[in-house]
$ cat data_23.tsv   # TSV, C-alpha atoms
chain	number	residue	atom	x	y	z
J	128	MET	CA	-14.40	64.29	-26.89
J	129	PHE	CA	-14.15	60.52	-28.47
J	130	ASP	CA	-15.16	59.34	-23.18
J	131	LEU	CA	-12.15	56.12	-24.38
J	132	LEU	CA	-14.81	53.56	-24.41
J	133	ALA	CA	-13.28	50.25	-23.45
J	134	PRO	CA	-14.41	47.25	-25.59
J	135	VAL	CA	-17.25	45.23	-24.09
J	136	LEU	CA	-16.59	41.64	-25.07
J	137	ALA	CA	-19.12	38.94	-24.27
J	138	ALA	CA	-17.68	35.83	-22.69
J	139	SER	CA	-19.59	32.70	-23.69
J	140	ALA	CA	-20.42	30.33	-20.85
J	141	ALA	CA	-18.32	27.19	-20.79
J	142	GLN	CA	-20.19	23.91	-20.82
J	143	ALA	CA	-19.64	21.94	-17.63
J	144	SER	CA	-17.91	18.60	-18.13
J	145	PRO	CA	-19.25	15.50	-16.40
J	146	ALA	CA	-18.04	15.24	-12.82
J	147	PRO	CA	-15.50	12.42	-12.12
J	148	PRO	CA	-16.54	9.60	-9.81
J	149	PRO	CA	-15.96	10.39	-6.12
J	150	ALA	CA	-12.56	9.31	-4.81
J	151	PRO	CA	-12.29	6.87	-1.92
J	152	VAL	CA	-12.37	8.54	1.46
J	153	ASP	CA	-8.72	7.88	2.26
J	154	VAL	CA	-7.54	9.20	-1.12
J	155	ALA	CA	-9.75	12.28	-0.84
J	156	GLN	CA	-8.38	13.03	2.62
J	157	LYS	CA	-4.80	12.47	1.47
J	158	ASP	CA	-5.15	14.86	-1.51
J	159	ALA	CA	-7.20	17.50	0.28
J	160	ALA	CA	-5.42	20.79	0.89
J	161	PRO	CA	-5.28	22.18	4.43
J	162	ALA	CA	-8.38	24.17	5.31
J	163	GLU	CA	-6.33	27.35	5.76
J	164	ALA	CA	-5.07	27.21	2.17
J	165	GLN	CA	-8.63	27.31	0.90
J	166	LEU	CA	-9.37	30.57	2.73
J	167	PRO	CA	-8.94	33.96	1.12
J	168	PRO	CA	-5.46	35.44	1.66
J	169	SER	CA	-6.97	38.01	4.03
J	170	GLN	CA	-7.94	35.19	6.43
J	171	THR	CA	-4.77	33.11	6.32
J	172	GLY	CA	-2.38	35.64	7.80
J	173	GLU	CA	-0.38	35.69	4.56
J	174	ARG	CA	0.13	39.04	2.86
J	175	PRO	CA	-1.79	39.02	-0.45
J	176	LYS	CA	-0.05	40.03	-3.63
J	177	ALA	CA	-0.96	43.54	-4.74
J	178	PRO	CA	-2.68	43.69	-8.13
J	179	LYS	CA	-1.35	45.85	-10.92
J	180	PRO	CA	-3.01	49.28	-11.19
J	181	ALA	CA	-5.86	49.36	-13.69
J	182	PHE	CA	-5.98	53.10	-14.25
J	183	ARG	CA	-8.35	54.41	-16.92
J	184	PRO	CA	-8.41	57.78	-18.75
J	185	ILE	CA	-11.72	58.52	-17.01
J	186	ASN	CA	-11.39	57.65	-13.35
J	187	HIS	CA	-15.01	56.70	-12.73
J	188	ASP	CA	-14.58	53.85	-15.26
J	189	GLU	CA	-12.20	52.05	-12.86
J	190	ASP	CA	-13.60	49.01	-11.05
J	191	TYR	CA	-12.15	47.92	-7.68
J	192	SER	CA	-14.91	45.54	-6.63
J	193	GLY	CA	-12.49	42.61	-6.93
J	194	PHE	CA	-10.11	44.04	-4.32
J	195	ARG	CA	-11.95	42.57	-1.32
J	196	ASP	CA	-9.44	39.75	-0.77
J	197	VAL	CA	-6.31	41.74	-1.65
J	198	ARG	CA	-7.02	45.02	0.14
J	199	ASP	CA	-4.39	44.28	2.82
J	200	ALA	CA	-1.57	44.11	0.28
J	201	ASN	CA	-0.49	47.75	0.76
J	202	LEU	CA	-1.76	51.25	1.45
J	203	TRP	CA	-2.92	51.73	-2.15
J	204	THR	CA	-5.15	48.65	-2.12
J	205	ARG	CA	-6.62	49.69	1.23
J	206	LEU	CA	-7.57	53.09	-0.20
J	207	LYS	CA	-9.06	51.49	-3.29
J	208	TYR	CA	-11.30	49.15	-1.30
J	209	LEU	CA	-12.75	50.51	1.95
J	210	PRO	CA	-15.30	47.92	3.14
J	211	ILE	CA	-18.42	49.28	4.81
J	212	VAL	CA	-20.99	46.48	5.11
J	213	GLY	CA	-21.76	43.49	2.92
J	214	ASN	CA	-20.82	44.31	-0.67
J	215	THR	CA	-20.92	48.04	0.01
J	216	TYR	CA	-17.52	49.71	-0.22
J	217	ALA	CA	-15.86	53.04	-0.96
J	218	THR	CA	-12.87	54.05	-3.08
J	219	LEU	CA	-10.59	57.05	-2.72
J	220	GLY	CA	-8.34	58.44	-5.44
J	221	GLY	CA	-6.38	61.50	-6.41
J	222	GLU	CA	-4.09	63.12	-8.94
J	223	LEU	CA	-1.34	65.72	-8.89
J	224	ARG	CA	-0.02	66.97	-12.23
J	225	LEU	CA	2.82	69.52	-12.42
J	226	ARG	CA	3.73	70.81	-15.86
J	227	PRO	CA	6.19	73.51	-16.99
J	228	GLU	CA	5.37	74.91	-20.43
J	229	LEU	CA	7.14	76.90	-23.12
J	230	ARG	CA	4.80	78.12	-25.84
J	231	LEU	CA	6.33	79.29	-29.09
J	232	GLY	CA	4.05	80.90	-31.69
J	233	GLU	CA	0.97	80.52	-29.49
J	234	ARG	CA	-2.24	80.68	-31.56
J	235	TRP	CA	0.00	81.08	-34.62
J	236	GLY	CA	1.36	84.37	-33.26
J	237	ARG	CA	-2.01	86.11	-32.92
J	238	GLY	CA	-2.85	88.01	-29.74
J	239	PRO	CA	-0.87	88.15	-26.49
J	240	GLN	CA	2.06	85.69	-26.37
J	241	ASP	CA	3.61	83.77	-23.50
J	242	ASP	CA	7.25	83.79	-24.59
J	243	ASP	CA	9.03	83.14	-21.26
J	244	GLY	CA	7.19	79.99	-20.14
J	245	ASN	CA	4.65	79.25	-17.44
J	246	PHE	CA	3.96	76.61	-14.81
J	247	GLN	CA	0.69	74.70	-14.44
J	248	GLN	CA	-0.56	72.50	-11.64
J	249	ARG	CA	-3.68	70.37	-11.47
J	250	SER	CA	-4.76	68.54	-8.34
J	251	ARG	CA	-7.81	66.34	-7.99
J	252	ILE	CA	-9.31	64.14	-5.30
J	253	TRP	CA	-12.31	61.86	-5.69
J	254	GLY	CA	-14.45	59.43	-3.76
J	255	ASP	CA	-16.65	56.61	-5.02
J	256	LEU	CA	-19.37	54.89	-2.97
J	257	GLN	CA	-20.66	51.55	-4.33
J	258	ILE	CA	-23.78	50.21	-2.63
J	259	GLU	CA	-24.35	46.47	-3.12
J	260	GLY	CA	-23.60	46.75	-6.84
J	261	LEU	CA	-26.93	48.54	-7.37
J	262	PHE	CA	-26.35	52.19	-6.50
J	263	ARG	CA	-23.41	54.53	-6.70
J	264	ALA	CA	-22.39	58.09	-5.78
J	265	PHE	CA	-19.25	59.70	-7.20
J	266	VAL	CA	-17.63	63.07	-6.41
J	267	ASP	CA	-14.49	64.52	-8.05
J	268	LEU	CA	-12.99	67.86	-6.96
J	269	GLU	CA	-10.46	69.68	-9.14
J	270	HIS	CA	-8.17	72.66	-8.50
J	271	ALA	CA	-5.99	73.95	-11.36
J	272	THR	CA	-3.81	77.06	-11.65
J	273	SER	CA	-1.40	78.62	-14.16
J	274	THR	CA	1.53	80.75	-12.93
J	275	GLY	CA	3.43	83.15	-15.18
J	276	LEU	CA	1.05	82.83	-18.13
J	277	ASP	CA	1.28	86.14	-20.04
J	278	SER	CA	-1.32	85.31	-22.67
J	279	VAL	CA	-5.07	84.98	-22.09
J	280	VAL	CA	-5.94	82.92	-19.00
J	281	ALA	CA	-9.03	80.96	-20.10
J	282	PRO	CA	-11.04	78.36	-18.14
J	283	ILE	CA	-9.08	75.60	-19.89
J	284	GLU	CA	-5.91	77.04	-18.28
J	285	GLU	CA	-7.19	77.70	-14.78
J	286	GLY	CA	-10.14	76.76	-12.58
J	287	ARG	CA	-10.09	77.13	-8.81
J	288	LEU	CA	-11.54	74.45	-6.56
J	289	ASP	CA	-14.80	73.18	-8.02
J	290	PHE	CA	-16.82	70.04	-8.74
J	291	ASN	CA	-15.40	68.42	-11.85
J	292	GLN	CA	-17.80	65.50	-11.36
J	293	ALA	CA	-20.72	64.79	-9.02
J	294	PHE	CA	-23.27	62.18	-10.02
J	295	VAL	CA	-25.47	59.37	-8.77
J	296	GLU	CA	-26.00	56.11	-10.59
J	297	ALA	CA	-28.38	53.13	-10.52
J	298	HIS	CA	-27.70	49.63	-11.93
J	299	VAL	CA	-30.52	47.35	-13.07
J	300	PRO	CA	-29.69	43.76	-14.09
J	301	VAL	CA	-31.70	42.57	-17.11
J	302	GLY	CA	-31.13	38.90	-17.85
J	303	GLN	CA	-27.47	38.55	-18.80
J	304	GLY	CA	-27.24	42.28	-19.46
J	305	ARG	CA	-27.41	45.46	-17.43
J	306	ILE	CA	-28.88	48.97	-17.62
J	307	VAL	CA	-27.09	51.88	-15.95
J	308	ALA	CA	-28.71	55.28	-15.38
J	309	ARG	CA	-26.41	58.15	-14.38
J	310	LEU	CA	-27.47	61.69	-13.47
J	311	GLY	CA	-25.25	64.66	-12.71
J	312	ARG	CA	-21.94	66.24	-13.68
J	313	GLN	CA	-19.72	63.67	-15.36
J	314	GLU	CA	-16.82	63.22	-17.73
J	315	ILE	CA	-17.64	61.36	-20.90
J	316	GLY	CA	-15.52	59.73	-23.58
J	317	ILE	CA	-17.03	57.60	-26.34
J	318	GLY	CA	-15.14	55.52	-28.87
J	319	ASN	CA	-11.86	57.11	-29.91
J	320	GLN	CA	-12.83	60.30	-28.03
J	321	THR	CA	-12.92	62.45	-31.15
J	322	VAL	CA	-16.44	63.82	-30.56
J	323	PHE	CA	-16.49	63.51	-26.76
J	324	ASP	CA	-13.40	63.58	-24.56
J	325	MET	CA	-12.42	64.69	-21.07
J	326	ARG	CA	-9.88	67.29	-22.34
J	327	GLU	CA	-6.89	65.69	-20.69
J	328	GLY	CA	-4.42	67.80	-22.67
J	329	ALA	CA	-5.58	71.09	-21.13
J	330	ASN	CA	-4.89	72.09	-17.53
J	331	THR	CA	-8.56	71.70	-16.56
J	332	ARG	CA	-10.60	68.67	-17.52
J	333	ARG	CA	-14.08	68.89	-19.05
J	334	SER	CA	-17.37	67.52	-17.80
J	335	LEU	CA	-21.02	67.81	-18.80
J	336	ASP	CA	-24.28	67.99	-16.85
J	337	LEU	CA	-26.18	65.01	-18.25
J	338	LEU	CA	-28.69	62.26	-17.83
J	339	ARG	CA	-27.04	59.24	-19.39
J	340	VAL	CA	-28.54	55.77	-19.80
J	341	MET	CA	-26.31	52.88	-20.91
J	342	ALA	CA	-27.11	49.23	-21.58
J	343	THR	CA	-25.10	46.09	-22.30
J	344	GLN	CA	-26.37	42.76	-23.63
J	345	GLY	CA	-23.95	40.16	-24.89
J	346	PRO	CA	-21.64	41.72	-27.49
J	347	TRP	CA	-23.90	44.79	-27.83
J	348	ASP	CA	-23.85	48.03	-25.88
J	349	GLY	CA	-25.32	51.48	-26.34
J	350	GLY	CA	-27.44	54.19	-24.85
J	351	PHE	CA	-28.45	57.82	-24.98
J	352	LEU	CA	-27.54	61.08	-23.26
J	353	THR	CA	-29.24	64.43	-22.85
J	354	GLY	CA	-28.36	67.57	-20.95
J	355	HIS	CA	-26.17	70.64	-21.08
J	356	ALA	CA	-22.58	71.78	-21.21
J	357	VAL	CA	-20.93	73.29	-18.13
J	358	LEU	CA	-20.25	77.03	-18.02
J	359	GLU	CA	-16.68	77.06	-16.72
J	360	LYS	CA	-15.33	80.03	-14.75
J	361	LEU	CA	-12.03	80.87	-13.06
J	362	GLY	CA	-13.24	81.18	-9.46
J	363	THR	CA	-14.02	78.75	-6.66
J	364	PHE	CA	-17.25	76.72	-6.85
J	365	ASP	CA	-18.63	78.99	-9.58
J	366	ASP	CA	-19.02	76.54	-12.49
J	367	LYS	CA	-22.67	76.06	-13.40
J	368	THR	CA	-24.95	74.43	-15.94
J	369	ASN	CA	-24.96	76.23	-19.29
J	370	HIS	CA	-28.65	76.18	-20.24
J	371	ASP	CA	-27.79	77.95	-23.51
J	372	TYR	CA	-25.90	74.89	-24.75
J	373	ASP	CA	-28.04	71.74	-25.18
J	374	LEU	CA	-26.82	68.27	-26.09
J	375	THR	CA	-28.65	65.08	-27.05
J	376	GLY	CA	-27.04	61.93	-28.39
J	377	PHE	CA	-27.35	58.22	-29.10
J	378	HIS	CA	-24.61	55.62	-29.45
J	379	ALA	CA	-24.35	51.89	-30.14
J	380	GLY	CA	-21.50	49.42	-30.44
J	381	ARG	CA	-20.78	45.76	-31.05
J	382	SER	CA	-17.66	43.78	-30.20
J	383	PHE	CA	-16.30	40.79	-32.09
J	384	GLY	CA	-13.83	38.02	-31.37
J	385	ALA	CA	-11.70	37.36	-28.32
J	386	GLY	CA	-8.08	37.10	-27.28
J	387	ALA	CA	-5.55	38.47	-29.76
J	388	ARG	CA	-8.11	38.86	-32.55
J	389	THR	CA	-10.84	41.33	-31.71
J	390	GLY	CA	-12.87	44.03	-33.38
J	391	ARG	CA	-15.39	46.70	-32.48
J	392	ALA	CA	-17.85	48.74	-34.55
J	393	GLU	CA	-19.44	51.91	-33.17
J	394	ALA	CA	-21.94	54.55	-34.22
J	395	LEU	CA	-22.60	57.89	-32.52
J	396	PHE	CA	-25.14	60.63	-33.31
J	397	VAL	CA	-25.16	63.97	-31.46
J	398	SER	CA	-27.48	66.96	-31.81
J	399	SER	CA	-26.25	70.22	-30.29
J	400	ASP	CA	-27.92	73.64	-29.98
J	401	ARG	CA	-25.87	76.59	-28.79
J	402	ALA	CA	-27.61	79.95	-28.37
J	403	SER	CA	-24.57	82.03	-29.32
J	404	LEU	CA	-21.22	81.13	-30.85
J	405	ALA	CA	-18.64	83.32	-32.61
J	406	PHE	CA	-15.91	82.45	-35.11
J	407	ASP	CA	-12.94	84.57	-36.17
J	408	SER	CA	-14.59	85.09	-39.55
J	409	GLU	CA	-18.21	85.32	-38.38
J	410	ALA	CA	-20.13	87.32	-35.79
J	411	ALA	CA	-21.89	85.49	-32.97
J	412	ALA	CA	-25.00	83.56	-34.00
J	413	ARG	CA	-27.04	80.52	-33.02
J	414	ASP	CA	-25.24	77.27	-33.82
J	415	GLN	CA	-27.31	74.09	-34.43
J	416	ARG	CA	-25.36	71.00	-35.44
J	417	ARG	CA	-25.87	67.32	-36.13
J	418	THR	CA	-22.84	65.05	-35.90
J	419	LEU	CA	-22.66	61.44	-37.08
J	420	SER	CA	-19.62	59.29	-36.39
J	421	LEU	CA	-18.93	55.75	-37.65
J	422	ARG	CA	-15.87	53.90	-36.34
J	423	TYR	CA	-14.22	50.50	-36.57
J	424	ALA	CA	-11.26	49.38	-34.47
J	425	GLY	CA	-9.69	45.94	-34.69
J	426	ARG	CA	-6.68	43.94	-33.59
J	427	ARG	CA	-5.14	40.86	-35.13
J	428	ASP	CA	-2.17	39.58	-33.16
J	429	ALA	CA	0.45	42.38	-33.24
J	430	TRP	CA	-1.42	44.50	-35.81
J	431	SER	CA	-4.21	46.97	-35.08
J	432	ILE	CA	-6.30	49.46	-37.06
J	433	ASP	CA	-8.64	52.28	-36.07
J	434	VAL	CA	-10.73	54.07	-38.72
J	435	GLU	CA	-13.36	56.75	-38.12
J	436	GLY	CA	-15.44	59.01	-40.33
J	437	ILE	CA	-17.45	62.02	-39.11
J	438	ARG	CA	-20.10	64.03	-40.96
J	439	GLN	CA	-21.48	67.28	-39.59
J	440	TRP	CA	-24.37	69.40	-40.86
J	441	GLY	CA	-26.78	72.05	-39.58
J	442	SER	CA	-26.96	75.85	-39.45
J	443	PHE	CA	-24.97	78.76	-38.06
J	444	GLY	CA	-27.16	81.85	-38.17
J	445	ASP	CA	-28.07	82.22	-41.86
J	446	LEU	CA	-25.22	79.95	-43.01
J	447	ASP	CA	-25.37	76.23	-43.68
J	448	ILE	CA	-22.95	73.91	-41.91
J	449	SER	CA	-21.29	71.23	-44.01
J	450	ALA	CA	-18.13	69.51	-42.75
J	451	TYR	CA	-16.41	66.13	-42.59
J	452	TYR	CA	-13.44	64.54	-40.84
J	453	VAL	CA	-11.73	61.19	-41.48
J	454	THR	CA	-8.97	59.65	-39.40
J	455	GLY	CA	-7.19	56.31	-39.71
J	456	THR	CA	-4.41	54.63	-37.73
J	457	ALA	CA	-2.48	51.43	-38.46
J	458	ALA	CA	-0.07	50.14	-35.81
J	459	TYR	CA	2.25	47.26	-35.00
J	460	GLY	CA	3.08	46.46	-31.38
J	461	TRP	CA	5.78	44.32	-29.76
J	462	ALA	CA	4.86	42.21	-26.71
J	463	SER	CA	8.35	41.97	-25.18
J	464	GLY	CA	10.56	44.43	-23.32
J	465	TRP	CA	9.00	47.86	-23.01
J	466	LYS	CA	6.28	46.81	-25.48
J	467	PRO	CA	6.85	49.61	-28.03
J	468	LYS	CA	4.34	50.36	-30.77
J	469	LEU	CA	4.93	51.80	-34.24
J	470	ALA	CA	1.94	53.57	-35.81
J	471	LEU	CA	1.00	55.58	-38.88
J	472	ARG	CA	-1.93	57.99	-38.63
J	473	VAL	CA	-3.65	60.01	-41.35
J	474	ASP	CA	-6.21	62.79	-40.71
J	475	VAL	CA	-8.26	64.55	-43.39
J	476	GLY	CA	-10.70	67.37	-42.63
J	477	SER	CA	-12.92	69.68	-44.63
J	478	GLY	CA	-12.10	73.33	-45.30
J	479	ASP	CA	-13.93	76.40	-46.56
J	480	LYS	CA	-12.31	77.68	-49.77
J	481	ASN	CA	-15.10	80.10	-50.66
J	482	PRO	CA	-16.14	82.45	-47.81
J	483	ASN	CA	-19.07	83.75	-49.87
J	484	ASP	CA	-20.85	80.48	-50.69
J	485	GLY	CA	-23.33	80.72	-47.80
J	486	LYS	CA	-21.70	77.79	-45.96
J	487	ILE	CA	-19.40	77.40	-43.00
J	488	ALA	CA	-17.33	74.25	-43.23
J	489	PRO	CA	-14.76	73.98	-40.39
J	490	MET	CA	-15.51	70.98	-38.19
J	491	ARG	CA	-16.42	71.65	-34.59
J	492	HIS	CA	-17.41	68.92	-32.18
J	493	SER	CA	-20.41	69.29	-29.97
J	494	SER	CA	-18.66	69.76	-26.65
J	495	PRO	CA	-17.98	73.13	-25.01
J	496	SER	CA	-14.57	73.56	-26.67
J	497	ARG	CA	-12.45	71.83	-29.25
J	498	SER	CA	-10.42	68.76	-28.44
J	499	PRO	CA	-6.70	68.93	-29.37
J	500	ILE	CA	-7.40	67.10	-32.64
J	501	MET	CA	-10.19	69.43	-33.64
J	502	ALA	CA	-8.24	72.52	-32.59
J	503	THR	CA	-5.39	71.53	-34.88
J	504	LEU	CA	-7.81	70.92	-37.73
J	505	ALA	CA	-9.54	74.28	-37.27
J	506	ARG	CA	-6.23	76.16	-37.27
J	507	ILE	CA	-4.95	74.48	-40.40
J	508	ILE	CA	-8.06	75.27	-42.45
$ encode --input "data_23.tsv" --output "structure tokens"
Amino acid sequence: MFDLLAPVLAASAAQASPAPPPAPVDVAQKDAAPAEAQLPPSQTGERPKAPKPAFRPINHDEDYSGFRDVRDANLWTRLKYLPIVGNTYATLGGELRLRPELRLGERWGRGPQDDDGNFQQRSRIWGDLQIEGLFRAFVDLEHATSTGLDSVVAPIEEGRLDFNQAFVEAHVPVGQGRIVARLGRQEIGIGNQTVFDMREGANTRRSLDLLRVMATQGPWDGGFLTGHAVLEKLGTFDDKTNHDYDLTGFHAGRSFGAGARTGRAEALFVSSDRASLAFDSEAAARDQRRTLSLRYAGRRDAWSIDVEGIRQWGSFGDLDISAYYVTGTAAYGWASGWKPKLALRVDVGSGDKNPNDGKIAPMRHSSPSRSPIMATLARII
């Protein structure tokens, strides 16, 4: 899962220029705008212009605190900013995804096959309560089904109505920075979402039961997380904390530049301990892994690069774990028209040529199941 972590760029404070001498009273009165024009649009009787949607891959990362003066623009803005009292407000959101599928050579032809197609639907509804910018409560319900699927129906294909997310959060200002503590079920995506992601490609999204603490200070940000995976089931309100799958991690990042020339460096370390895990080539055993990821992403005008290297080590039963994964993307984007982008991506992952060397090498990230990138890698090797 690498929850997309948006760059945190520090904006330096502009130095105030000396104030001009006061204008004569008659000139000041002549140039002054009518009092009504200085009021927020919501108080002038004029219909405010609706802002462009700022949707994010993880919905709890969206910020609608600035919608106070534009909430009357349309129904969408009114749902995104529901004033309660003072700076306390609520946000409502939802998603409906309908997807027909045709799977050819599913799992490389192994096991039951779905040769005649299937239909998937995923519906979600969420609510966000923001209390004076200091406290927060977030709930996200998800209902996903697969119809006509002849192969194995796994929790990534179907999950009846259940809590996809449910957490509380506290914000503590520290000088020019901020500390955020979040507790509960939550989606997470860090960096390029290679180690942690929300599993958008599957029919059901993924969340974890965590305590997560995050901090920002100038161009720096980072934090730690600890908790468990979620044991996903097919029924209604039956997902629960998987106490046999522990996770602990630390991450840090720094942003550079501004405008059209920016960069970001990130580091992530995750320790996972799973009581029982089985591979096609190995019987179930305890899986203990350490994962280290180093990433740099930068943009210079129309060009951008994203490079990441991952090293994984640990033990699987009596076997040693030794794996690596490297990915790099170079892209050129056009700013006009539909703003197309042309990119070249290269992925390289470790394999296991000798099954009798006492090692197991295929990369596996530390979340409950593989992301699409890791699944492809595991199948190839």
$ residues_around --input "data_23.tsv" --residues "region 255-263 of chain J" --least-positions-apart "3" --cutoff "8 Å" --atoms "all atoms listed in the file" --output "list in words"
His187, Gly213, Asn214, Thr215, Tyr216, Ala217, Thr218, Leu219, Val266, Val295, Glu296, Ala297, His298 and Val299 of chain J
$ residues_around --input "data_23.tsv" --residues "region 314-317 of chain J" --least-positions-apart "2" --cutoff "10 Å" --atoms "all atoms listed in the file" --output "ChimeraX atom specification"
/J:128-133,184-188,291-293,311-312,319-326,332-337,339,378,393-395
$ atom_distance --input "data_23.tsv" --atom1 "CA of Arg287 (chain J)" --atom2 "CA of Asp414 (chain J)"
29.2 Å
$ closest_residue --input "data_23.tsv" --among "J:Asp373, J:Thr274, J:Glu409, J:Trp235" --to "Asn483 (chain J)" --atoms "only C-alpha atoms"
J:Glu409
$ closest_residue --input "data_23.tsv" --among "J:His355, J:Ala308, J:Leu223, J:Thr368" --to "Val340 (chain J)" --atoms "all atoms listed in the file"
J:Ala308
$ closest_residue --input "data_23.tsv" --among "J:Ile432, J:Ala200, J:Ile437, J:Ala470" --to "Ser420 (chain J)" --atoms "all atoms listed in the file"
J:Ile437
$ atom_distance --input "data_23.tsv" --atom1 "CA of Arg381 (chain J)" --atom2 "CA of Val307 (chain J)"
17.5 Å
$ residues_around --input "data_23.tsv" --residues "Ala411 (chain J)" --least-positions-apart "5" --cutoff "12 Å" --atoms "all atoms listed in the file" --output "list in words"
Arg401, Ala402, Ser403, Leu404, Ala405, Phe406, Phe443, Gly444, Asp445 and Leu446 of chain J
$ atom_distance --input "data_23.tsv" --atom1 "CA of Lys179 (chain J)" --atom2 "CA of Ala462 (chain J)"
17.4 Å
$ closest_residue --input "data_23.tsv" --among "J:Arg183, J:Arg174, J:Arg224, J:Arg230" --to "Asn201 (chain J)" --atoms "only C-alpha atoms"
J:Arg174
$ residues_around --input "data_23.tsv" --residues "Arg388 (chain J)" --least-positions-apart "5" --cutoff "7 Å" --atoms "only C-alpha atoms" --output "list in words"
Arg426, Arg427 and Asp428 of chain J
$ closest_residue --input "data_23.tsv" --among "J:Ser278, J:Ser477, J:Ser463, J:Thr418" --to "Glu233 (chain J)" --atoms "all atoms listed in the file"
J:Ser278
$ residues_around --input "data_23.tsv" --residues "Asn245 (chain J)" --least-positions-apart "5" --cutoff "8 Å" --atoms "all atoms listed in the file" --output "PDB file with C-alpha atoms, in the coordinates of the input"
ATOM      1  CA  PRO J 227       6.190  73.510 -16.990  1.00  0.00           C
ATOM      2  CA  GLU J 228       5.370  74.910 -20.430  1.00  0.00           C
ATOM      3  CA  LEU J 229       7.140  76.900 -23.120  1.00  0.00           C
ATOM      4  CA  SER J 273      -1.400  78.620 -14.160  1.00  0.00           C
ATOM      5  CA  THR J 274       1.530  80.750 -12.930  1.00  0.00           C
ATOM      6  CA  GLY J 275       3.430  83.150 -15.180  1.00  0.00           C
ATOM      7  CA  LEU J 276       1.050  82.830 -18.130  1.00  0.00           C
TER       8      LEU J 276
END
$ build_atoms --input "data_23.tsv" --residues "region 259-273 of chain J" --atoms "N, CA and C atoms" --output "compact mmCIF listing (two decimals), keeping the file's coordinate frame"
# COMPACT_ATOMS: atom_id res chain seq x y z
N GLU J 259 -23.84 47.79 -2.76
CA GLU J 259 -24.35 46.47 -3.12
C GLU J 259 -24.42 46.25 -4.63
N GLY J 260 -23.60 46.92 -5.39
CA GLY J 260 -23.60 46.75 -6.84
C GLY J 260 -24.83 47.29 -7.53
N LEU J 261 -25.68 48.03 -6.81
CA LEU J 261 -26.93 48.54 -7.37
C LEU J 261 -26.98 50.06 -7.47
N PHE J 262 -26.33 50.74 -6.52
CA PHE J 262 -26.35 52.19 -6.50
C PHE J 262 -24.93 52.71 -6.31
N ARG J 263 -24.74 53.96 -6.74
CA ARG J 263 -23.41 54.53 -6.70
C ARG J 263 -23.50 56.05 -6.57
N ALA J 264 -22.54 56.64 -5.85
CA ALA J 264 -22.39 58.09 -5.78
C ALA J 264 -20.91 58.41 -5.98
N PHE J 265 -20.63 59.38 -6.84
CA PHE J 265 -19.25 59.70 -7.20
C PHE J 265 -19.05 61.21 -7.16
N VAL J 266 -17.96 61.66 -6.51
CA VAL J 266 -17.63 63.07 -6.41
C VAL J 266 -16.16 63.25 -6.76
N ASP J 267 -15.85 64.25 -7.59
CA ASP J 267 -14.49 64.52 -8.05
C ASP J 267 -14.26 66.02 -7.97
N LEU J 268 -13.33 66.45 -7.11
CA LEU J 268 -12.99 67.86 -6.96
C LEU J 268 -11.69 68.16 -7.69
N GLU J 269 -11.64 69.30 -8.37
CA GLU J 269 -10.46 69.68 -9.14
C GLU J 269 -10.06 71.11 -8.81
N HIS J 270 -8.73 71.33 -8.72
CA HIS J 270 -8.17 72.66 -8.50
C HIS J 270 -6.98 72.82 -9.44
N ALA J 271 -7.04 73.79 -10.36
CA ALA J 271 -5.99 73.95 -11.36
C ALA J 271 -5.61 75.43 -11.47
N THR J 272 -4.30 75.69 -11.53
CA THR J 272 -3.81 77.06 -11.65
C THR J 272 -2.69 77.13 -12.68
N SER J 273 -2.50 78.33 -13.24
CA SER J 273 -1.40 78.62 -14.16
C SER J 273 -0.64 79.82 -13.62
